[in-house]
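Enquirer: Input: one structure, supplied below.
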Amino acid sequence: MIAVIDYKAGNLTSVVKALRYLGARDIVVTQLPEDVMRADKVVLPGVGHFQATQVLHDLQLTQATRIAIMNGVPFLGICVGLQWLYEGSTEAQSTDGLCHFSSKCERFPAEFQGEELKSPHVGWNSLDGIRPDSRLLSGIAPGSFVYYTHSWRAPVSKDTAATTNYGGPFTAAVERANVMGVQFHPEKSAETGLRVLKNFLEL
Amino acid sequence: MLTKRIIACLDVRAGRVVKGVQFVDIVDAGDPAELAHRHAAAGADEIVLLDITATHEGRGTLLDTVKRAAANLFVPFTVGGGIRSADEAAAVFDAGADKVSINSAAIARPELIGEIGSSFGAQAVIVAIDARRAKSSSDSVGDAEVYVSGGRKPTGRRVVEWAREAEERGAGEILLTSMDCDGTRDGFDCELTRRVSEAVQIPVIASGGAGNAQHFAEVFKAGKADAALAASIFHFGITDSRALKTEVARAGVPMRLPC
């Protein structure tokens, strides 16, 4: 069973639809910690404000996620779902993340190398520096395009599985063992995005 | 590198595509769902479906159309036309849209922008602005005026100021249509697009006037547009988004290719 966590922020329809299209049959859209703890895979989608992830703490879903992760269950965070895997975000200082990856997500700078940088970062941008051992990005060619819409991003670290350049490189995908995240929207990234989700389903 | 987007636009009336894209594989007045998929397969970066009648009776048809178009469509999908409340927007999202485009309703009640944004995120709200230059003004671009009701009613509001307010109220993108250029095939209003693009931080989608690939290159470069709407362009020897994007890329604009 695949648990897709619904924390009432934005629209889950697209993610669920893409997973179904790829052949996933047993999908449970849920807010219950017990569903997360008995799932074979967990997906945390997300658009919107980091503040919305406070609900995950309030509903004991943070603890449930930690247990699932400890049991080796593959976990995929999408967009704000990736950001939640970090210590937090400057978007909502009082809301902690899962702290699985170190450091905080920060807003794009207003300027980069003397030029104005528009924010949010919206549109199709390319994946660079794909880590050869990444299971999530297996089979994806460097330079493949994926769809983004966000104003905060995670810094590059040793767990970064791919980067994208916008005001310098940021973490496009993160992966350490069974814990993964993508800043882009795989459910809206045509063939490349579907390949990412397929890789996850096949773990 | 962040690419510029080519957005395929389907104008829909009573559940059928009525203009703009008929020449994709020589399909006349097609089924919107079928055409949405065909455009995505042909390399469009995004699909916009505009319900140009948007009558009360047509609502059910629209939601059914949106549902069918959104099925197995894995690029961003925007729906606009006649959305007046957060509830109506919610119904469109439920049917599978990723973003909604609001126009007259946002002018009538600007709070609507924030209301939709608070439930579905700012990225899901596009404020569409129909603009006409102020011909008699010494600054025809700066004094360009916002029109509503399908371009029939002037509002007395300046385009650049309204775009700024829409951004402040939480719009995720601006869809700027030049009524002066719309239908001319002489090119986009690059000057107006640039003025709006420089006034806001959010992406600006240019619309109206496209006749060839060069026009797209111009609005991306001189107009500083982040995206451009392609509809009737597909009539004039350019068969699909992929062909258009290949030509625009040749003019030095970053495009998602191959796609």
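To be explicit about the labels: the chains of the structure tokens are called A, B, and onward in the order shown, and within each one the residues are counted from 1, while ligands get numbers from 1 in the order they are shown.
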If we count only C-alpha atoms and set the cut-off at 12 Å, which residues sit around Gly121 in chain B, ignoring sequence neighbours fewer than 3 positions away in its own chain? Please answer as number ranges by chain.

Expert: A: 8-11, 46-52, 80, 149-151; B: 90, 93, 98-100, 113-118, 124-126, 170-173

Enquirer: List the neighbours of Pro45 in chain A out to 6 Å using only C-alpha atoms; skip same-chain residues closer than 6 positions along the sequence, and give me the result as an mmCIF file with N, CA and C atoms, in the first residue's frame.

Expert:
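What ended up in out-v1.cif:
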```cif
data_model
loop_
_atom_site.group_PDB
_atom_site.id
_atom_site.type_symbol
_atom_site.label_atom_id
_atom_site.label_comp_id
_atom_site.auth_asym_id
_atom_site.auth_seq_id
_atom_site.Cartn_x
_atom_site.Cartn_y
_atom_site.Cartn_z
ATOM 1 N N GLY A 77 9.321 12.900 -0.838
ATOM 2 C CA GLY A 77 8.730 14.215 -0.612
ATOM 3 C C GLY A 77 8.788 15.031 -1.891
ATOM 4 N N ILE A 78 7.706 15.709 -2.197
ATOM 5 C CA ILE A 78 7.644 16.500 -3.434
ATOM 6 C C ILE A 78 7.464 17.977 -3.084
ATOM 7 N N GLY A 81 7.243 19.048 0.258
ATOM 8 C CA GLY A 81 7.522 17.722 0.843
ATOM 9 C C GLY A 81 9.014 17.422 0.914
#
```

Enquirer: Using only C-alpha atoms, determine which residues lie at most 6 Å from Phe77 in chain B, disregarding the query and same-chain residues fewer than 3 positions distant; provide the list as a list in words.

Expert: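 Everything that qualifies: Ile47, Val48, Ala97 and Asp98 of chain B.
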
Enquirer: Please identify the helix (DSSP H, G or I) residues within range 21-144 of chain A (assignment by DSSP from backbone atoms) and present them as a tab-separated table (two decimals) with C-alpha atoms, in the first residue's frame.

Expert:
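Below is the file that was written, selection-v7.tsv:
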```
chain	number	residue	atom	x	y	z
A	21	TYR	CA	-1.35	5.95	-14.45
A	33	PRO	CA	-0.25	7.95	11.45
A	34	GLU	CA	-1.24	4.26	11.44
A	35	ASP	CA	-1.61	4.32	7.64
A	36	VAL	CA	1.86	5.82	7.31
A	37	MET	CA	3.32	3.19	9.65
A	38	ARG	CA	1.80	0.24	7.78
A	50	PHE	CA	5.90	25.70	4.66
A	51	GLN	CA	3.66	26.68	7.57
A	52	ALA	CA	1.13	24.12	6.32
A	53	THR	CA	3.49	21.30	7.36
A	54	GLN	CA	2.81	22.18	11.01
A	55	VAL	CA	-0.22	19.88	10.65
A	56	LEU	CA	2.17	16.94	10.24
A	57	HIS	CA	3.47	17.53	13.78
A	58	ASP	CA	0.01	18.19	15.16
A	61	LEU	CA	2.57	12.21	11.33
A	62	THR	CA	6.16	13.32	11.96
A	63	GLN	CA	6.71	10.51	14.42
A	64	ALA	CA	4.95	8.02	12.13
A	65	THR	CA	7.21	9.08	9.27
A	66	ARG	CA	10.33	8.60	11.43
A	67	ILE	CA	9.23	5.08	12.28
A	68	ALA	CA	8.42	4.25	8.65
A	69	ILE	CA	11.80	5.58	7.56
A	70	MET	CA	13.58	3.59	10.29
A	80	VAL	CA	7.39	21.46	0.06
A	81	GLY	CA	7.52	17.72	0.84
A	82	LEU	CA	11.25	17.78	0.01
A	83	GLN	CA	11.77	20.92	2.06
```

Enquirer: Distance cut-off 10 Å, counting only C-alpha atoms - which residues of chain B neighbour chain A? Return them as a PyMOL selection string.

Expert: chain B and resi 1-5+40-41+43+45-46+70-77+90+93-98+117-124+172-173+197-198+200-203+226-227+254-259

Enquirer: Please write the residues from the selection above to a file, keeping N, CA and C atoms, as a short mmCIF file (atom, residue, chain, number, x, y, z; two decimals), in the first residue's frame.

Expert:
```
data_model
loop_
_atom_site.label_atom_id
_atom_site.label_comp_id
_atom_site.auth_asym_id
_atom_site.auth_seq_id
_atom_site.Cartn_x
_atom_site.Cartn_y
_atom_site.Cartn_z
N MET B 1 19.33 25.60 -17.12
CA MET B 1 18.86 26.97 -17.34
C MET B 1 17.34 27.00 -17.45
N LEU B 2 16.74 27.96 -16.77
CA LEU B 2 15.28 28.09 -16.85
C LEU B 2 14.89 28.46 -18.28
N THR B 3 13.98 27.70 -18.85
CA THR B 3 13.57 27.95 -20.23
C THR B 3 12.34 28.84 -20.28
N LYS B 4 12.11 29.45 -21.41
CA LYS B 4 10.87 30.20 -21.63
C LYS B 4 9.81 29.20 -22.06
N ARG B 5 8.59 29.46 -21.63
CA ARG B 5 7.52 28.49 -21.89
C ARG B 5 6.64 28.87 -23.08
N ALA B 40 0.31 18.45 -25.71
CA ALA B 40 1.34 18.03 -24.75
C ALA B 40 2.33 17.09 -25.43
N ALA B 41 1.81 16.18 -26.23
CA ALA B 41 2.68 15.23 -26.94
C ALA B 41 3.54 15.96 -27.96
N GLY B 43 4.90 18.79 -27.59
CA GLY B 43 5.95 19.60 -26.98
C GLY B 43 5.51 20.88 -26.29
N ASP B 45 4.68 23.30 -23.42
CA ASP B 45 5.16 23.27 -22.04
C ASP B 45 4.02 23.32 -21.04
N GLU B 46 2.88 23.72 -21.50
CA GLU B 46 1.75 23.92 -20.62
C GLU B 46 0.50 24.00 -21.49
N ALA B 70 -7.72 16.62 -18.23
CA ALA B 70 -6.70 16.47 -17.19
C ALA B 70 -6.27 15.02 -17.02
N ALA B 71 -7.11 14.09 -17.46
CA ALA B 71 -6.77 12.68 -17.30
C ALA B 71 -5.51 12.39 -18.11
N ASN B 72 -4.51 11.84 -17.43
CA ASN B 72 -3.27 11.46 -18.11
C ASN B 72 -2.57 12.63 -18.82
N LEU B 73 -2.77 13.84 -18.32
CA LEU B 73 -2.06 15.00 -18.85
C LEU B 73 -0.98 15.37 -17.84
N PHE B 74 0.27 15.17 -18.20
CA PHE B 74 1.34 15.33 -17.22
C PHE B 74 2.21 16.55 -17.49
N VAL B 75 1.55 17.63 -17.90
CA VAL B 75 2.18 18.96 -17.93
C VAL B 75 1.19 19.90 -17.23
N PRO B 76 1.65 21.07 -16.80
CA PRO B 76 0.75 21.98 -16.08
C PRO B 76 -0.47 22.36 -16.92
N PHE B 77 -1.60 22.43 -16.25
CA PHE B 77 -2.88 22.60 -16.94
C PHE B 77 -3.69 23.70 -16.25
N ALA B 90 -12.48 25.84 -6.74
CA ALA B 90 -12.26 24.53 -6.11
C ALA B 90 -12.81 23.41 -6.98
N PHE B 93 -10.37 22.83 -9.74
CA PHE B 93 -9.20 22.09 -9.24
C PHE B 93 -9.54 20.61 -9.03
N ASP B 94 -10.72 20.38 -8.45
CA ASP B 94 -11.15 19.00 -8.22
C ASP B 94 -11.23 18.22 -9.52
N ALA B 95 -11.60 18.92 -10.58
CA ALA B 95 -11.73 18.27 -11.89
C ALA B 95 -10.35 17.98 -12.50
N GLY B 96 -9.29 18.58 -11.91
CA GLY B 96 -7.95 18.22 -12.36
C GLY B 96 -7.08 19.36 -12.85
N ALA B 97 -7.57 20.61 -12.74
CA ALA B 97 -6.73 21.75 -13.15
C ALA B 97 -5.62 21.97 -12.12
N ASP B 98 -4.48 22.47 -12.58
CA ASP B 98 -3.39 22.82 -11.67
C ASP B 98 -3.42 24.28 -11.29
N GLY B 117 -5.79 31.52 -3.42
CA GLY B 117 -4.40 31.24 -3.07
C GLY B 117 -4.24 30.60 -1.71
N SER B 118 -5.07 31.00 -0.75
CA SER B 118 -4.89 30.46 0.59
C SER B 118 -5.25 28.99 0.66
N SER B 119 -6.13 28.53 -0.22
CA SER B 119 -6.47 27.10 -0.22
C SER B 119 -5.58 26.29 -1.15
N PHE B 120 -5.19 26.87 -2.26
CA PHE B 120 -4.52 26.06 -3.29
C PHE B 120 -3.10 26.55 -3.59
N GLY B 121 -2.66 27.58 -2.92
CA GLY B 121 -1.31 28.10 -3.15
C GLY B 121 -1.30 29.19 -4.21
N ALA B 122 -0.39 30.14 -4.03
CA ALA B 122 -0.30 31.27 -4.98
C ALA B 122 0.02 30.77 -6.38
N GLN B 123 0.79 29.69 -6.48
CA GLN B 123 1.19 29.19 -7.81
C GLN B 123 -0.01 28.77 -8.64
N ALA B 124 -1.15 28.56 -7.98
CA ALA B 124 -2.34 28.06 -8.67
C ALA B 124 -3.24 29.19 -9.18
N GLY B 172 0.01 34.22 -8.65
CA GLY B 172 1.22 33.46 -8.94
C GLY B 172 1.83 33.83 -10.27
N GLU B 173 0.98 34.26 -11.21
CA GLU B 173 1.44 34.65 -12.54
C GLU B 173 0.46 35.67 -13.11
N SER B 197 6.35 43.20 -16.94
CA SER B 197 7.33 42.23 -16.45
C SER B 197 8.33 42.88 -15.50
N GLU B 198 8.71 44.11 -15.79
CA GLU B 198 9.67 44.80 -14.92
C GLU B 198 9.02 45.31 -13.65
N VAL B 200 6.69 43.65 -11.86
CA VAL B 200 6.36 42.57 -10.92
C VAL B 200 7.48 41.53 -10.87
N GLN B 201 7.47 40.75 -9.77
CA GLN B 201 8.44 39.67 -9.59
C GLN B 201 7.92 38.36 -10.18
N ILE B 202 6.60 38.23 -10.24
CA ILE B 202 6.00 36.96 -10.69
C ILE B 202 6.09 36.85 -12.21
N PRO B 203 6.02 35.63 -12.75
CA PRO B 203 6.13 35.46 -14.20
C PRO B 203 4.99 36.14 -14.95
N ASP B 226 8.05 35.69 -19.60
CA ASP B 226 8.53 34.41 -19.10
C ASP B 226 7.90 33.26 -19.87
N ALA B 227 6.76 33.54 -20.46
CA ALA B 227 6.03 32.52 -21.21
C ALA B 227 5.19 33.25 -22.25
N PRO B 254 16.24 30.27 -24.69
CA PRO B 254 16.26 28.92 -24.10
C PRO B 254 14.88 28.27 -24.12
N MET B 255 14.81 27.08 -24.69
CA MET B 255 13.55 26.35 -24.82
C MET B 255 13.75 24.93 -24.30
N ARG B 256 12.69 24.32 -23.84
CA ARG B 256 12.76 22.92 -23.42
C ARG B 256 12.78 22.06 -24.69
N LEU B 257 13.98 21.61 -25.05
CA LEU B 257 14.16 20.76 -26.23
C LEU B 257 15.24 19.73 -25.92
N PRO B 258 15.12 18.49 -26.32
CA PRO B 258 13.94 17.90 -26.94
C PRO B 258 12.78 17.86 -25.94
N CYS B 259 11.61 17.79 -26.47
CA CYS B 259 10.45 17.77 -25.58
C CYS B 259 9.42 16.80 -26.13
#
```

Enquirer: Using only C-alpha atoms, which protein or nucleic acid residues come within 12 Å of Lys104 in chain A? Drop anything in the same chain fewer than 3 positions from it, and give the result as a compact mmCIF listing (two decimals) with N, CA and C atoms, in the first residue's frame.

Expert:
```
# COMPACT_ATOMS: atom_id res chain seq x y z
N PHE A 50 5.28 26.66 3.75
CA PHE A 50 5.90 25.70 4.66
C PHE A 50 5.11 25.57 5.97
N LEU A 82 9.78 17.89 -0.07
CA LEU A 82 11.25 17.78 0.01
C LEU A 82 11.77 18.71 1.10
N GLN A 83 11.26 19.93 1.10
CA GLN A 83 11.77 20.92 2.06
C GLN A 83 11.55 20.48 3.50
N TRP A 84 10.45 19.76 3.71
CA TRP A 84 10.11 19.29 5.06
C TRP A 84 11.14 18.29 5.59
N LEU A 85 11.86 17.61 4.69
CA LEU A 85 12.87 16.64 5.11
C LEU A 85 14.06 17.32 5.78
N TYR A 86 14.18 18.63 5.57
CA TYR A 86 15.30 19.39 6.15
C TYR A 86 14.92 19.90 7.55
N GLU A 87 15.78 20.75 8.10
CA GLU A 87 15.52 21.24 9.47
C GLU A 87 14.36 22.21 9.53
N GLY A 88 14.09 22.82 8.39
CA GLY A 88 13.01 23.80 8.36
C GLY A 88 13.20 24.73 7.19
N SER A 89 12.45 25.83 7.23
CA SER A 89 12.53 26.80 6.14
C SER A 89 12.38 28.18 6.71
N THR A 90 13.08 29.12 6.13
CA THR A 90 12.94 30.50 6.59
C THR A 90 11.55 31.05 6.27
N GLU A 91 10.78 30.28 5.48
CA GLU A 91 9.41 30.70 5.16
C GLU A 91 8.51 30.66 6.40
N ALA A 92 8.79 29.72 7.30
CA ALA A 92 8.00 29.61 8.54
C ALA A 92 8.96 29.20 9.65
N GLN A 93 9.55 30.21 10.30
CA GLN A 93 10.63 29.97 11.26
C GLN A 93 10.22 29.11 12.44
N THR A 95 8.13 26.62 12.51
CA THR A 95 7.74 25.25 12.18
C THR A 95 8.97 24.43 11.81
N ASP A 96 9.24 23.40 12.60
CA ASP A 96 10.39 22.54 12.30
C ASP A 96 10.08 21.57 11.17
N GLY A 97 11.12 21.18 10.48
CA GLY A 97 10.98 20.10 9.51
C GLY A 97 11.25 18.77 10.19
N LEU A 98 11.47 17.74 9.39
CA LEU A 98 11.75 16.41 9.92
C LEU A 98 13.19 16.31 10.45
N CYS A 99 14.06 17.19 9.98
CA CYS A 99 15.48 17.21 10.37
C CYS A 99 16.22 15.95 9.93
N HIS A 100 15.75 15.31 8.87
CA HIS A 100 16.46 14.13 8.35
C HIS A 100 17.73 14.59 7.62
N PHE A 101 17.62 15.69 6.90
CA PHE A 101 18.79 16.29 6.26
C PHE A 101 19.09 17.60 6.98
N ARG A 107 15.00 31.35 0.89
CA ARG A 107 14.39 31.97 -0.26
C ARG A 107 15.45 32.26 -1.33
N TRP A 152 11.34 28.96 -2.30
CA TRP A 152 12.35 28.53 -1.34
C TRP A 152 13.05 27.29 -1.89
N ARG A 153 14.32 27.11 -1.54
CA ARG A 153 15.03 25.94 -2.05
C ARG A 153 16.03 25.43 -1.03
N ALA A 154 16.35 24.15 -1.17
CA ALA A 154 17.30 23.50 -0.26
C ALA A 154 18.71 23.66 -0.81
N PRO A 155 19.68 23.89 0.09
CA PRO A 155 21.07 24.03 -0.37
C PRO A 155 21.63 22.69 -0.86
N VAL A 156 22.73 22.77 -1.59
CA VAL A 156 23.38 21.57 -2.10
C VAL A 156 24.23 20.95 -0.98
N SER A 157 24.12 19.64 -0.79
CA SER A 157 24.93 18.92 0.21
C SER A 157 25.34 17.57 -0.37
N THR A 171 19.31 22.16 -4.58
CA THR A 171 18.99 20.74 -4.60
C THR A 171 17.70 20.48 -5.36
```

Enquirer: If I take CA of Ala144 in chain B and CA of Ala225 in chain B, how far is one from the other in Å, to one decimal?

Expert: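 CA of Ala225 in chain B lies at a distance of 17.4 Å from CA of Ala144 in chain B.
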
Enquirer: What are the DSSP strand (DSSP E or B) residues of range 80-157 of chain A, as a PyMOL selection string?

Expert: chain A and resi 88-89+96+104-107+111-112+115-116+121-126+128+145-150+152-153
